[in-house]
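Colleague: Could you have a look at this structure, given as structure tokens, before my questions?
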Amino acid sequence: MSIETLNKNASEKRLYDYQIKDLNRIFDVMRDESNDFNLLYQLPTGGGKTIIFSEIVRRYIQQHNKKVVILTHRVELCKQTSNVLSGFNVKNKVINSKVKTLPDQDEYQCFVAMVETLNNRLSDKDFELKNVGLVIIDEAHYNSFRKLFKFFEQCFILGVTATPLSSNIKLPMKDNYKKLIVGDDISTLIKNGFLSNAEVYNYDVGLTALKIGINGDYTVKSSEALYTNSVMQSKLLVAYEELAKGKKTLIFNNGIYTSKEVFYTFKKAGYNVQHLDNTASKQDRKDILKWFKTTPDAILSSVSILTTGFDEPSVESIILNRATRSLTLYFQMIGRGSRIYKDRKIFQVIDLGNNIARFGPWNQPVDWQHIFSYPDLYLDNIVDDEDLERHFIYTMPDSLLKKFKKSKSLDFDIKTEYKDVINSGKKSFMVIERSIAQHSQICVENSEDVYDARDLTKLLQDEIAYRIKQYCYCIMNSTQNYKDWLFVEYNRKLRISFNGKF
């Protein structure tokens with residue numbers, strides 16, 4: 001079938017060349033394999049998976065005269081999927097909690113259902129779906145879908161996901177799917193103009209206090225303890241004001257209490273902010289998302305609820321105010337800002353959880369075939385928090401660099417200075433004294449008086465904390481009490497250093 005024919009048949013929906021290429025690869029497997037084959041398809045968030053499988057549904061019904069079932073894990077996804085299918089002229093019905101029987105099922109070609117709802121209905125022997133040949137599973141990495149496989153053992157199952165890595169480390173996807181088809185990667189979609197590129201900023205955050213739960217990710221309790229403290233709330237606010245002020249911003253947190261604290265912090269600072277979590281009523285959720293869509297400088301603090309089934313292309317800045325060990329969640333969060341919007345082709349990511357250091361740049365190639373085949377090997381090699389902290393490199397944001405533009409150089413390498421001091425037979429603390437002297441110099445060079453210089457020290461707090469951490473690694477003293485004392489002492493000496501220099 002030609003591209004022109006596909007585009008014409010897709011009603012108002014247009015399929016791009018890469019989507020048609022993947023669609024044809026999927027149909028090749030359907031043709032060559034048995035009717036009960038399980039196939040997995042990967043395409044990045046924003047690549048148009050729903051568009052692709054809606055065209056698959058349309059063509060499958062036309063070619064096989066059988067019905068299709070599409071499974072999702074959220075109510076919002078059911079509605080969105082149903083609307084897209086209607087755009088492809090596929091007559092479909094949503095099986096929700098109100099649908100107890102299907103006396104009219106012969107009138108429909110396709111059914112869209114939440115996994116729990118359909119599982120409950122099919123477990124009732126009086127409820128039956130007839131003449132189903134294809135089952136499509138959206139967000140297939142969620143394990144809740146497995147319980148439904150037994151009802152469709154004679155059907156072709158197509159799982160669709162941006163990240164073919166199971167949400168349960170004990171239940172790998174290769175156990176349920178026999179083959180993986182990988183679509184274009186993020187960098188290719190960016191290059192060809194289908195996704196926006198990410199402008200990334202990292203802030204150093206100590207994560208060693210976080211605890212890992214049975215699901216392999218950080219517990220909400222330990223995350224709340226870290227991210228609700230005044231230091232982290234201040235770091236978040238400063239990061240926003242330095243980099244994202246005035247931009248439509250979506251903040252991801254791990255825990256409702258954290259998100260509410262974020263709301264209070266930004267509200268107190270006078271910003272246009274709302275909080276949203278899964279306890280909100282349908283109407284509240286609808287009102288908040290409408291407000292977010294129509295408010296240019298809106299800040300929305302959320303708790304995972306917007307990682308899937310949420311599409312707001314006007315988002316300009318994504319703040320990861322949490323750490324995660326889940327590659328899937330990492331891609332889902334950043335993906336919320338990757339849609340092309342008007343003439344904007346760049347969005348912003350502010351990372352306050354060392355996530356980019358752990359997983360690598362969002363747009364770098366990922367060997368999904370290898371991860372799909374050997375998930376245990378991948379999970380066993382996730383970088384731990386101590387290594388992340390040890391190898392973290394602080395980069396001063398552009399907004400701060402402008403404050404020190406009169407200085408010829410801002411560079412200072414703690415490790416190099418430490419080697420020089422030790423090789424010279426001097427005490428290691430001279431490294432800190434040299435660091436203070438260098439910070440004092442750049443503050444003086446960019447100030448009119450002592451008060452200006454002291455104000456500039458407030459902008460150096462992240463870099464000071466970073467240098468102290470690097471120094472402590474060098475002297476092999478990593479106790480928090482020593483770091484805290486040294487941080488206070490460093491700032492005291494830095495402020496005193498300005499005396500007599502103006």
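Here's how to read the names in the structure tokens: chain A, B, ... by the order shown, residue numbers from 1 in each chain, ligand numbers from 1 in the order shown.
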Contacts of region 290-301 of chain A at 7 Å or less, counting only C-alpha atoms, minus same-chain residues fewer than 3 places along, as a ChimeraX atom specification?
Modeller: /A:246-252,259,262-263,272-276,286-287,312
Colleague: Show me a table, sorted first by chain and then by increasing residue number, of the residues of region 149-220 of chain A having an atom at most 9 Å from region 9-33 of chain A, each with its shortest atom pair and the distance in Å to one decimal, counting only C-alpha atoms and written as a tab-separated table.
Modeller:
residue	atom	partner	partner_atom	distance
A:Phe156	CA	A:Met30	CA	7.7
A:Leu158	CA	A:Ile26	CA	8.8
A:Ile181	CA	A:Ile26	CA	7.7
A:Val182	CA	A:Asp22	CA	8.4
A:Gly183	CA	A:Asp22	CA	6.5
A:Asp184	CA	A:Tyr18	CA	7.2
Colleague: Looking at only C-alpha atoms, which of A:Phe127, A:Tyr177, A:Phe331, A:Phe412 is the one that sits closest to Ala162 (chain A)?
Modeller: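 So, comparing all the options, the nearest one is A:Phe331.
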Colleague: To one decimal in Å, tell me the separation between CA of Leu237 (chain A) and CA of Cys443 (chain A).
Modeller: 22.9 Å
Colleague: Would you please extract all strand (DSSP E) residues from region 196-358 of chain A, as assigned by DSSP on the backbone, and give them as a PDB file with N, CA and C atoms, in the first residue's frame?
Modeller:
ATOM      1  N   ASN A 197      14.428  19.017  21.065  1.00  0.00           N
ATOM      2  CA  ASN A 197      15.662  18.606  21.742  1.00  0.00           C
ATOM      3  C   ASN A 197      15.671  19.147  23.163  1.00  0.00           C
ATOM      4  N   ALA A 198      16.387  18.464  24.042  1.00  0.00           N
ATOM      5  CA  ALA A 198      16.428  18.849  25.447  1.00  0.00           C
ATOM      6  C   ALA A 198      17.701  19.626  25.765  1.00  0.00           C
ATOM      7  N   GLU A 199      17.521  20.763  26.442  1.00  0.00           N
ATOM      8  CA  GLU A 199      18.631  21.553  26.966  1.00  0.00           C
ATOM      9  C   GLU A 199      18.711  21.203  28.455  1.00  0.00           C
ATOM     10  N   VAL A 200      19.787  20.534  28.862  1.00  0.00           N
ATOM     11  CA  VAL A 200      19.837  19.895  30.174  1.00  0.00           C
ATOM     12  C   VAL A 200      20.715  20.653  31.166  1.00  0.00           C
ATOM     13  N   TYR A 201      20.233  20.737  32.415  1.00  0.00           N
ATOM     14  CA  TYR A 201      20.999  21.354  33.504  1.00  0.00           C
ATOM     15  C   TYR A 201      20.999  20.407  34.700  1.00  0.00           C
ATOM     16  N   ASN A 202      22.173  20.187  35.272  1.00  0.00           N
ATOM     17  CA  ASN A 202      22.316  19.286  36.425  1.00  0.00           C
ATOM     18  C   ASN A 202      22.617  20.073  37.693  1.00  0.00           C
ATOM     19  N   THR A 249       6.150  25.356  33.409  1.00  0.00           N
ATOM     20  CA  THR A 249       7.032  24.378  34.046  1.00  0.00           C
ATOM     21  C   THR A 249       6.253  23.236  34.685  1.00  0.00           C
ATOM     22  N   LEU A 250       6.708  22.024  34.434  1.00  0.00           N
ATOM     23  CA  LEU A 250       6.120  20.823  35.034  1.00  0.00           C
ATOM     24  C   LEU A 250       7.159  20.200  35.964  1.00  0.00           C
ATOM     25  N   ILE A 251       6.794  20.059  37.247  1.00  0.00           N
ATOM     26  CA  ILE A 251       7.712  19.524  38.252  1.00  0.00           C
ATOM     27  C   ILE A 251       7.266  18.132  38.668  1.00  0.00           C
ATOM     28  N   PHE A 252       8.168  17.154  38.583  1.00  0.00           N
ATOM     29  CA  PHE A 252       7.876  15.790  38.999  1.00  0.00           C
ATOM     30  C   PHE A 252       8.495  15.516  40.370  1.00  0.00           C
ATOM     31  N   VAL A 273       1.314  28.800  40.753  1.00  0.00           N
ATOM     32  CA  VAL A 273       1.589  27.374  40.915  1.00  0.00           C
ATOM     33  C   VAL A 273       0.350  26.608  41.364  1.00  0.00           C
ATOM     34  N   GLN A 274       0.269  25.345  40.949  1.00  0.00           N
ATOM     35  CA  GLN A 274      -0.778  24.425  41.398  1.00  0.00           C
ATOM     36  C   GLN A 274      -0.139  23.073  41.703  1.00  0.00           C
ATOM     37  N   HIS A 275      -0.858  22.273  42.494  1.00  0.00           N
ATOM     38  CA  HIS A 275      -0.400  20.918  42.846  1.00  0.00           C
ATOM     39  C   HIS A 275      -1.441  19.916  42.355  1.00  0.00           C
ATOM     40  N   LEU A 276      -0.958  18.765  41.837  1.00  0.00           N
ATOM     41  CA  LEU A 276      -1.882  17.727  41.364  1.00  0.00           C
ATOM     42  C   LEU A 276      -1.343  16.345  41.716  1.00  0.00           C
ATOM     43  N   ILE A 299       3.167  26.906  36.805  1.00  0.00           N
ATOM     44  CA  ILE A 299       4.042  25.891  37.393  1.00  0.00           C
ATOM     45  C   ILE A 299       3.139  24.811  37.966  1.00  0.00           C
ATOM     46  N   LEU A 300       3.282  23.585  37.510  1.00  0.00           N
ATOM     47  CA  LEU A 300       2.454  22.484  38.008  1.00  0.00           C
ATOM     48  C   LEU A 300       3.330  21.452  38.699  1.00  0.00           C
ATOM     49  N   SER A 301       3.105  21.293  39.994  1.00  0.00           N
ATOM     50  CA  SER A 301       3.846  20.308  40.792  1.00  0.00           C
ATOM     51  C   SER A 301       3.010  19.039  40.871  1.00  0.00           C
ATOM     52  N   SER A 302       3.592  17.903  40.481  1.00  0.00           N
ATOM     53  CA  SER A 302       2.802  16.670  40.383  1.00  0.00           C
ATOM     54  C   SER A 302       3.553  15.475  40.959  1.00  0.00           C
ATOM     55  N   SER A 317       9.548  23.746  30.339  1.00  0.00           N
ATOM     56  CA  SER A 317      10.580  23.299  31.271  1.00  0.00           C
ATOM     57  C   SER A 317      10.085  22.114  32.094  1.00  0.00           C
ATOM     58  N   ILE A 318      10.917  21.078  32.169  1.00  0.00           N
ATOM     59  CA  ILE A 318      10.646  19.896  32.993  1.00  0.00           C
ATOM     60  C   ILE A 318      11.660  19.905  34.136  1.00  0.00           C
ATOM     61  N   ILE A 319      11.163  19.850  35.383  1.00  0.00           N
ATOM     62  CA  ILE A 319      12.065  19.753  36.526  1.00  0.00           C
ATOM     63  C   ILE A 319      11.902  18.401  37.183  1.00  0.00           C
ATOM     64  N   LEU A 320      12.987  17.637  37.223  1.00  0.00           N
ATOM     65  CA  LEU A 320      12.985  16.340  37.892  1.00  0.00           C
ATOM     66  C   LEU A 320      13.379  16.578  39.344  1.00  0.00           C
ATOM     67  N   ILE A 346      13.160  23.384  21.150  1.00  0.00           N
ATOM     68  CA  ILE A 346      14.021  23.069  22.299  1.00  0.00           C
ATOM     69  C   ILE A 346      13.197  23.220  23.576  1.00  0.00           C
ATOM     70  N   PHE A 347      13.324  22.268  24.471  1.00  0.00           N
ATOM     71  CA  PHE A 347      12.728  22.407  25.787  1.00  0.00           C
ATOM     72  C   PHE A 347      13.825  22.208  26.828  1.00  0.00           C
ATOM     73  N   GLN A 348      13.484  22.477  28.069  1.00  0.00           N
ATOM     74  CA  GLN A 348      14.485  22.522  29.132  1.00  0.00           C
ATOM     75  C   GLN A 348      14.252  21.392  30.144  1.00  0.00           C
ATOM     76  N   VAL A 349      15.346  20.783  30.584  1.00  0.00           N
ATOM     77  CA  VAL A 349      15.276  19.780  31.645  1.00  0.00           C
ATOM     78  C   VAL A 349      16.216  20.194  32.768  1.00  0.00           C
ATOM     79  N   ILE A 350      15.666  20.342  33.976  1.00  0.00           N
ATOM     80  CA  ILE A 350      16.465  20.661  35.158  1.00  0.00           C
ATOM     81  C   ILE A 350      16.447  19.438  36.063  1.00  0.00           C
ATOM     82  N   ASP A 351      17.597  18.839  36.263  1.00  0.00           N
ATOM     83  CA  ASP A 351      17.694  17.564  36.982  1.00  0.00           C
ATOM     84  C   ASP A 351      18.206  17.776  38.405  1.00  0.00           C
TER      85      ASP A 351
END
Colleague: Quick one: distance from CA of Asp384 (chain A) to CA of Arg325 (chain A) in Å, one decimal?
Modeller: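 Value for the CA of Asp384 (chain A)-CA of Arg325 (chain A) distance: 9.2 Å.
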Colleague: So that each row is one residue of region 125-214 of chain A with an atom at most 10 Å from region 460-470 of chain A, can you give its shortest atom pair and the distance in Å to one decimal, using only C-alpha atoms, rows by chain and rising number, as JSON lines?
Modeller:
{"residue": "A:Tyr203", "atom": "CA", "partner": "A:Asp462", "partner_atom": "CA", "distance": 7.8}
{"residue": "A:Asp204", "atom": "CA", "partner": "A:Tyr466", "partner_atom": "CA", "distance": 7.2}
{"residue": "A:Val205", "atom": "CA", "partner": "A:Tyr466", "partner_atom": "CA", "distance": 9.4}
{"residue": "A:Gly206", "atom": "CA", "partner": "A:Lys469", "partner_atom": "CA", "distance": 9.7}
Colleague: Could you name the residues that touch Asp106 (chain A) at 12 Å or less, counting only C-alpha atoms, but leaving out those on the same chain fewer than 3 positions away, as JSON, numbers by chain?
Modeller: {"A": [66, 67, 91, 92, 93, 102, 103, 109, 110, 111, 128, 129, 130, 131, 132]}
Colleague: Take the selection from the previous step and output its residues with C-alpha atoms, as a short mmCIF file (atom, residue, chain, number, x, y, z; two decimals), in the first residue's frame.
Modeller:
data_model
loop_
_atom_site.label_atom_id
_atom_site.label_comp_id
_atom_site.auth_asym_id
_atom_site.auth_seq_id
_atom_site.Cartn_x
_atom_site.Cartn_y
_atom_site.Cartn_z
CA LYS A 66 -11.87 -9.96 12.95
CA LYS A 67 -12.17 -7.67 15.93
CA LYS A 91 -16.11 2.12 15.10
CA ASN A 92 -15.11 1.41 18.69
CA LYS A 93 -16.59 1.08 22.15
CA LEU A 102 -22.15 -6.31 25.61
CA PRO A 103 -25.45 -7.07 23.85
CA GLN A 109 -15.10 -3.52 15.31
CA CYS A 110 -12.86 -2.58 18.21
CA PHE A 111 -13.06 -2.40 22.01
CA GLU A 128 -17.63 -12.82 26.37
CA LEU A 129 -15.80 -11.04 23.58
CA LYS A 130 -16.39 -12.78 20.25
CA ASN A 131 -14.26 -13.06 17.12
CA VAL A 132 -11.23 -11.23 18.52
#
Colleague: For CA of Lys402 (chain A) and CA of Leu243 (chain A), determine how far apart the two atoms are, in Å to one decimal place.
Modeller: 12.7 Å
Colleague: Have a look at A:Lys267, A:Lys415, A:Arg492, A:Lys179 and name the one nearest to Asn38 (chain A); count only C-alpha atoms.
Modeller: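 Using only C-alpha atoms, Asn38 (chain A) sits closest to A:Lys179.
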Colleague: Measuring atom to atom with only C-alpha atoms, identify which of A:Ser187, A:Ser497, A:Asn477, A:Asn89 is nearest to Ser440 (chain A).
Modeller: A:Ser497
Colleague: Would you please work out which residue, of A:Tyr490, A:Phe88, A:Phe37, A:Phe392, is nearest to Arg434 (chain A) when using only C-alpha atoms?
Modeller: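 Closest to Arg434 (chain A) of all the choices is A:Tyr490.
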Colleague: Near Glu489 (chain A), within 12 Å and counting only C-alpha atoms, which residues show up once chain neighbours fewer than 2 positions away are dropped, as a PyMOL selection string?
Modeller: chain A and resi 432-433+436+464-465+468+482-487+491-496
Colleague: Would you kindly return, as a PyMOL selection string, each protein, DNA or RNA residue with an atom no farther than 10 Å from any atom of Lys49 (chain A), considering only C-alpha atoms and excluding same-chain residues fewer than 3 positions away?
Modeller: chain A and resi 19+41-46+52-54+138-139+160-162+183
Colleague: Can you pull out every residue within 12 Å of region 209-221 of chain A, counting only C-alpha atoms, but drop anything in the same chain fewer than 6 positions away, and send it as a PyMOL selection string?
Modeller: chain A and resi 143+166-171+227-228+253-259+303-304+322-330+353+376+379-380+382+384-386+480
Colleague: Using C-alpha atoms, can you export the residues from the last selection as a CSV table (one decimal), in the first residue's frame?
Modeller:
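New file result.csv:
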chain,number,residue,atom,x,y,z
A,143,ASN,CA,2.9,-5.9,34.4
A,166,SER,CA,9.4,-4.5,32.7
A,167,SER,CA,8.1,-2.4,35.6
A,168,ASN,CA,8.7,-5.5,37.7
A,169,ILE,CA,12.4,-6.7,37.8
A,170,LYS,CA,11.2,-10.3,38.5
A,171,LEU,CA,9.0,-10.5,35.5
A,227,TYR,CA,13.2,16.5,49.1
A,228,THR,CA,11.0,18.2,51.8
A,253,ASN,CA,8.1,14.7,42.6
A,254,ASN,CA,8.2,11.3,44.4
A,255,GLY,CA,5.5,11.7,47.1
A,256,ILE,CA,2.4,13.8,47.7
A,257,TYR,CA,3.9,15.6,50.7
A,258,THR,CA,6.9,16.7,48.7
A,259,SER,CA,4.7,18.0,45.9
A,303,VAL,CA,3.4,13.1,41.6
A,304,SER,CA,3.9,10.7,38.7
A,322,ARG,CA,13.2,13.5,42.4
A,323,ALA,CA,15.7,10.6,41.8
A,324,THR,CA,14.7,7.4,40.1
A,325,ARG,CA,16.4,4.1,39.3
A,326,SER,CA,13.7,3.4,36.7
A,327,LEU,CA,14.8,3.9,33.1
A,328,THR,CA,11.2,3.9,32.0
A,329,LEU,CA,10.2,6.7,34.4
A,330,TYR,CA,13.2,8.7,33.4
A,353,GLY,CA,18.1,13.8,41.2
A,376,ASP,CA,19.0,-8.6,34.6
A,379,LEU,CA,19.6,-3.7,36.0
A,380,ASP,CA,22.7,-5.1,37.8
A,382,ILE,CA,22.8,0.7,37.1
A,384,ASP,CA,25.0,3.4,42.4
A,385,ASP,CA,24.6,6.7,44.2
A,386,GLU,CA,28.0,6.9,45.8
A,480,GLN,CA,28.4,14.6,57.1
Colleague: Write out as an mmCIF file with N, CA and C atoms, in the first residue's frame all residues of region 232-375 of chain A that DSSP puts in alpha helix (DSSP H) for this structure's backbone.
Modeller:
data_model
loop_
_atom_site.group_PDB
_atom_site.id
_atom_site.type_symbol
_atom_site.label_atom_id
_atom_site.label_comp_id
_atom_site.auth_asym_id
_atom_site.auth_seq_id
_atom_site.Cartn_x
_atom_site.Cartn_y
_atom_site.Cartn_z
ATOM 1 N N MET A 232 16.737 21.408 50.169
ATOM 2 C CA MET A 232 16.317 20.967 48.836
ATOM 3 C C MET A 232 15.218 21.857 48.271
ATOM 4 N N GLN A 233 14.312 22.325 49.127
ATOM 5 C CA GLN A 233 13.267 23.231 48.655
ATOM 6 C C GLN A 233 13.886 24.534 48.149
ATOM 7 N N SER A 234 14.893 25.008 48.862
ATOM 8 C CA SER A 234 15.596 26.222 48.441
ATOM 9 C C SER A 234 16.345 25.991 47.139
ATOM 10 N N LYS A 235 16.995 24.819 47.021
ATOM 11 C CA LYS A 235 17.742 24.492 45.800
ATOM 12 C C LYS A 235 16.809 24.459 44.589
ATOM 13 N N LEU A 236 15.616 23.885 44.788
ATOM 14 C CA LEU A 236 14.623 23.814 43.715
ATOM 15 C C LEU A 236 14.188 25.212 43.289
ATOM 16 N N LEU A 237 13.879 26.056 44.256
ATOM 17 C CA LEU A 237 13.421 27.407 43.946
ATOM 18 C C LEU A 237 14.511 28.212 43.232
ATOM 19 N N VAL A 238 15.742 28.088 43.709
ATOM 20 C CA VAL A 238 16.868 28.792 43.079
ATOM 21 C C VAL A 238 17.072 28.296 41.651
ATOM 22 N N ALA A 239 16.972 26.977 41.448
ATOM 23 C CA ALA A 239 17.131 26.396 40.102
ATOM 24 C C ALA A 239 16.076 26.954 39.154
ATOM 25 N N ILE A 256 3.405 12.746 47.637
ATOM 26 C CA ILE A 256 2.408 13.823 47.697
ATOM 27 C C ILE A 256 2.860 14.945 48.632
ATOM 28 N N TYR A 257 3.434 14.574 49.772
ATOM 29 C CA TYR A 257 3.872 15.580 50.730
ATOM 30 C C TYR A 257 4.933 16.499 50.115
ATOM 31 N N THR A 258 5.872 15.902 49.357
ATOM 32 C CA THR A 258 6.899 16.706 48.679
ATOM 33 C C THR A 258 6.263 17.690 47.707
ATOM 34 N N SER A 259 5.315 17.189 46.914
ATOM 35 C CA SER A 259 4.666 18.041 45.917
ATOM 36 C C SER A 259 3.919 19.197 46.582
ATOM 37 N N LYS A 260 3.277 18.929 47.688
ATOM 38 C CA LYS A 260 2.568 19.993 48.404
ATOM 39 C C LYS A 260 3.547 21.016 48.981
ATOM 40 N N GLU A 261 4.689 20.529 49.474
ATOM 41 C CA GLU A 261 5.711 21.450 49.979
ATOM 42 C C GLU A 261 6.246 22.334 48.852
ATOM 43 N N VAL A 262 6.411 21.740 47.679
ATOM 44 C CA VAL A 262 6.839 22.507 46.505
ATOM 45 C C VAL A 262 5.804 23.597 46.198
ATOM 46 N N PHE A 263 4.534 23.207 46.242
ATOM 47 C CA PHE A 263 3.454 24.169 46.005
ATOM 48 C C PHE A 263 3.543 25.337 46.978
ATOM 49 N N TYR A 264 3.699 25.040 48.279
ATOM 50 C CA TYR A 264 3.769 26.091 49.298
ATOM 51 C C TYR A 264 5.004 26.977 49.104
ATOM 52 N N THR A 265 6.133 26.354 48.761
ATOM 53 C CA THR A 265 7.378 27.105 48.551
ATOM 54 C C THR A 265 7.233 28.115 47.418
ATOM 55 N N PHE A 266 6.659 27.668 46.304
ATOM 56 C CA PHE A 266 6.511 28.556 45.137
ATOM 57 C C PHE A 266 5.399 29.586 45.354
ATOM 58 N N LYS A 267 4.349 29.177 46.047
ATOM 59 C CA LYS A 267 3.246 30.103 46.333
ATOM 60 C C LYS A 267 3.741 31.246 47.224
ATOM 61 N N LYS A 268 4.528 30.882 48.243
ATOM 62 C CA LYS A 268 5.073 31.874 49.158
ATOM 63 C C LYS A 268 5.995 32.853 48.426
ATOM 64 N N LYS A 282 -12.004 14.115 39.519
ATOM 65 C CA LYS A 282 -11.943 14.262 38.066
ATOM 66 C C LYS A 282 -12.115 15.723 37.660
ATOM 67 N N GLN A 283 -13.012 16.411 38.346
ATOM 68 C CA GLN A 283 -13.264 17.810 38.008
ATOM 69 C C GLN A 283 -12.080 18.684 38.365
ATOM 70 N N ASP A 284 -11.484 18.452 39.548
ATOM 71 C CA ASP A 284 -10.303 19.225 39.946
ATOM 72 C C ASP A 284 -9.158 19.007 38.971
ATOM 73 N N ARG A 285 -8.956 17.744 38.603
ATOM 74 C CA ARG A 285 -7.898 17.419 37.632
ATOM 75 C C ARG A 285 -8.137 18.140 36.310
ATOM 76 N N LYS A 286 -9.383 18.097 35.852
ATOM 77 C CA LYS A 286 -9.740 18.744 34.589
ATOM 78 C C LYS A 286 -9.502 20.253 34.669
ATOM 79 N N ASP A 287 -9.909 20.866 35.795
ATOM 80 C CA ASP A 287 -9.752 22.318 35.960
ATOM 81 C C ASP A 287 -8.279 22.719 36.022
ATOM 82 N N ILE A 288 -7.482 21.927 36.754
ATOM 83 C CA ILE A 288 -6.058 22.251 36.906
ATOM 84 C C ILE A 288 -5.329 22.120 35.576
ATOM 85 N N LEU A 289 -5.631 21.059 34.821
ATOM 86 C CA LEU A 289 -4.964 20.859 33.535
ATOM 87 C C LEU A 289 -5.384 21.924 32.517
ATOM 88 N N LYS A 290 -6.634 22.375 32.615
ATOM 89 C CA LYS A 290 -7.085 23.470 31.737
ATOM 90 C C LYS A 290 -6.349 24.751 32.092
ATOM 91 N N TRP A 291 -6.209 25.011 33.414
ATOM 92 C CA TRP A 291 -5.443 26.177 33.877
ATOM 93 C C TRP A 291 -4.001 26.105 33.392
ATOM 94 N N PHE A 292 -3.399 24.923 33.481
ATOM 95 C CA PHE A 292 -2.011 24.750 33.067
ATOM 96 C C PHE A 292 -1.855 25.003 31.571
ATOM 97 N N LYS A 293 -2.817 24.548 30.803
ATOM 98 C CA LYS A 293 -2.761 24.705 29.351
ATOM 99 C C LYS A 293 -2.854 26.165 28.927
ATOM 100 N N THR A 294 -3.679 26.933 29.646
ATOM 101 C CA THR A 294 -3.979 28.303 29.207
ATOM 102 C C THR A 294 -3.160 29.378 29.922
ATOM 103 N N LEU A 327 14.525 3.394 34.421
ATOM 104 C CA LEU A 327 14.803 3.949 33.094
ATOM 105 C C LEU A 327 13.504 4.369 32.416
ATOM 106 N N THR A 328 12.459 3.585 32.609
ATOM 107 C CA THR A 328 11.157 3.887 32.014
ATOM 108 C C THR A 328 10.632 5.225 32.521
ATOM 109 N N LEU A 329 10.654 5.413 33.827
ATOM 110 C CA LEU A 329 10.157 6.657 34.408
ATOM 111 C C LEU A 329 11.000 7.847 33.950
ATOM 112 N N TYR A 330 12.291 7.644 33.838
ATOM 113 C CA TYR A 330 13.205 8.695 33.370
ATOM 114 C C TYR A 330 12.779 9.197 31.992
ATOM 115 N N PHE A 331 12.531 8.275 31.079
ATOM 116 C CA PHE A 331 12.117 8.657 29.725
ATOM 117 C C PHE A 331 10.712 9.247 29.712
ATOM 118 N N GLN A 332 9.827 8.704 30.555
ATOM 119 C CA GLN A 332 8.459 9.220 30.582
ATOM 120 C C GLN A 332 8.409 10.664 31.059
ATOM 121 N N MET A 333 9.154 10.971 32.117
ATOM 122 C CA MET A 333 9.122 12.328 32.666
ATOM 123 C C MET A 333 9.659 13.346 31.663
ATOM 124 N N ILE A 334 10.833 13.073 31.119
ATOM 125 C CA ILE A 334 11.430 14.024 30.170
ATOM 126 C C ILE A 334 10.599 14.115 28.897
ATOM 127 N N GLY A 335 10.004 12.986 28.509
ATOM 128 C CA GLY A 335 9.201 12.948 27.289
ATOM 129 C C GLY A 335 8.013 13.885 27.294
ATOM 130 N N ASN A 355 19.732 12.037 37.791
ATOM 131 C CA ASN A 355 19.166 11.046 36.870
ATOM 132 C C ASN A 355 19.922 10.983 35.540
ATOM 133 N N ILE A 356 20.310 12.153 35.032
ATOM 134 C CA ILE A 356 21.021 12.183 33.754
ATOM 135 C C ILE A 356 22.407 11.575 33.908
ATOM 136 N N ALA A 357 23.026 11.794 35.077
ATOM 137 C CA ALA A 357 24.329 11.168 35.339
ATOM 138 C C ALA A 357 24.191 9.642 35.415
ATOM 139 N N ARG A 358 23.051 9.177 35.897
ATOM 140 C CA ARG A 358 22.843 7.728 36.037
ATOM 141 C C ARG A 358 22.529 7.057 34.698
ATOM 142 N N PHE A 359 21.628 7.657 33.932
ATOM 143 C CA PHE A 359 21.135 7.005 32.718
ATOM 144 C C PHE A 359 21.772 7.520 31.427
ATOM 145 N N TRP A 368 17.971 -1.123 22.896
ATOM 146 C CA TRP A 368 16.777 -1.743 23.467
ATOM 147 C C TRP A 368 16.737 -3.242 23.244
ATOM 148 N N GLN A 369 17.302 -3.712 22.141
ATOM 149 C CA GLN A 369 17.320 -5.165 21.894
ATOM 150 C C GLN A 369 18.102 -5.870 22.991
ATOM 151 N N HIS A 370 19.222 -5.288 23.386
ATOM 152 C CA HIS A 370 20.056 -5.896 24.421
ATOM 153 C C HIS A 370 19.354 -5.839 25.778
ATOM 154 N N ILE A 371 18.732 -4.703 26.091
ATOM 155 C CA ILE A 371 18.009 -4.574 27.359
ATOM 156 C C ILE A 371 16.832 -5.537 27.412
ATOM 157 N N PHE A 372 16.130 -5.680 26.291
ATOM 158 C CA PHE A 372 15.006 -6.621 26.217
ATOM 159 C C PHE A 372 15.472 -8.064 26.429
ATOM 160 N N SER A 373 16.602 -8.421 25.831
ATOM 161 C CA SER A 373 17.110 -9.800 25.920
ATOM 162 C C SER A 373 17.794 -10.089 27.243
ATOM 163 N N PRO A 375 17.647 -8.145 30.547
ATOM 164 C CA PRO A 375 17.265 -7.092 31.505
ATOM 165 C C PRO A 375 18.009 -7.192 32.833
#
Colleague: Restricting the calculation to only C-alpha atoms: of A:Glu153, A:Asn65, A:Asp124, A:Arg74, which residue gets closest to Asn278 (chain A)?
Modeller: A:Arg74
Colleague: Have a look at A:Ile442, A:Ile136, A:Ala113, A:Val94 and name the one nearest to Lys403 (chain A); count only C-alpha atoms.
Modeller: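 The answer is A:Ile442, which sits nearest to Lys403 (chain A).
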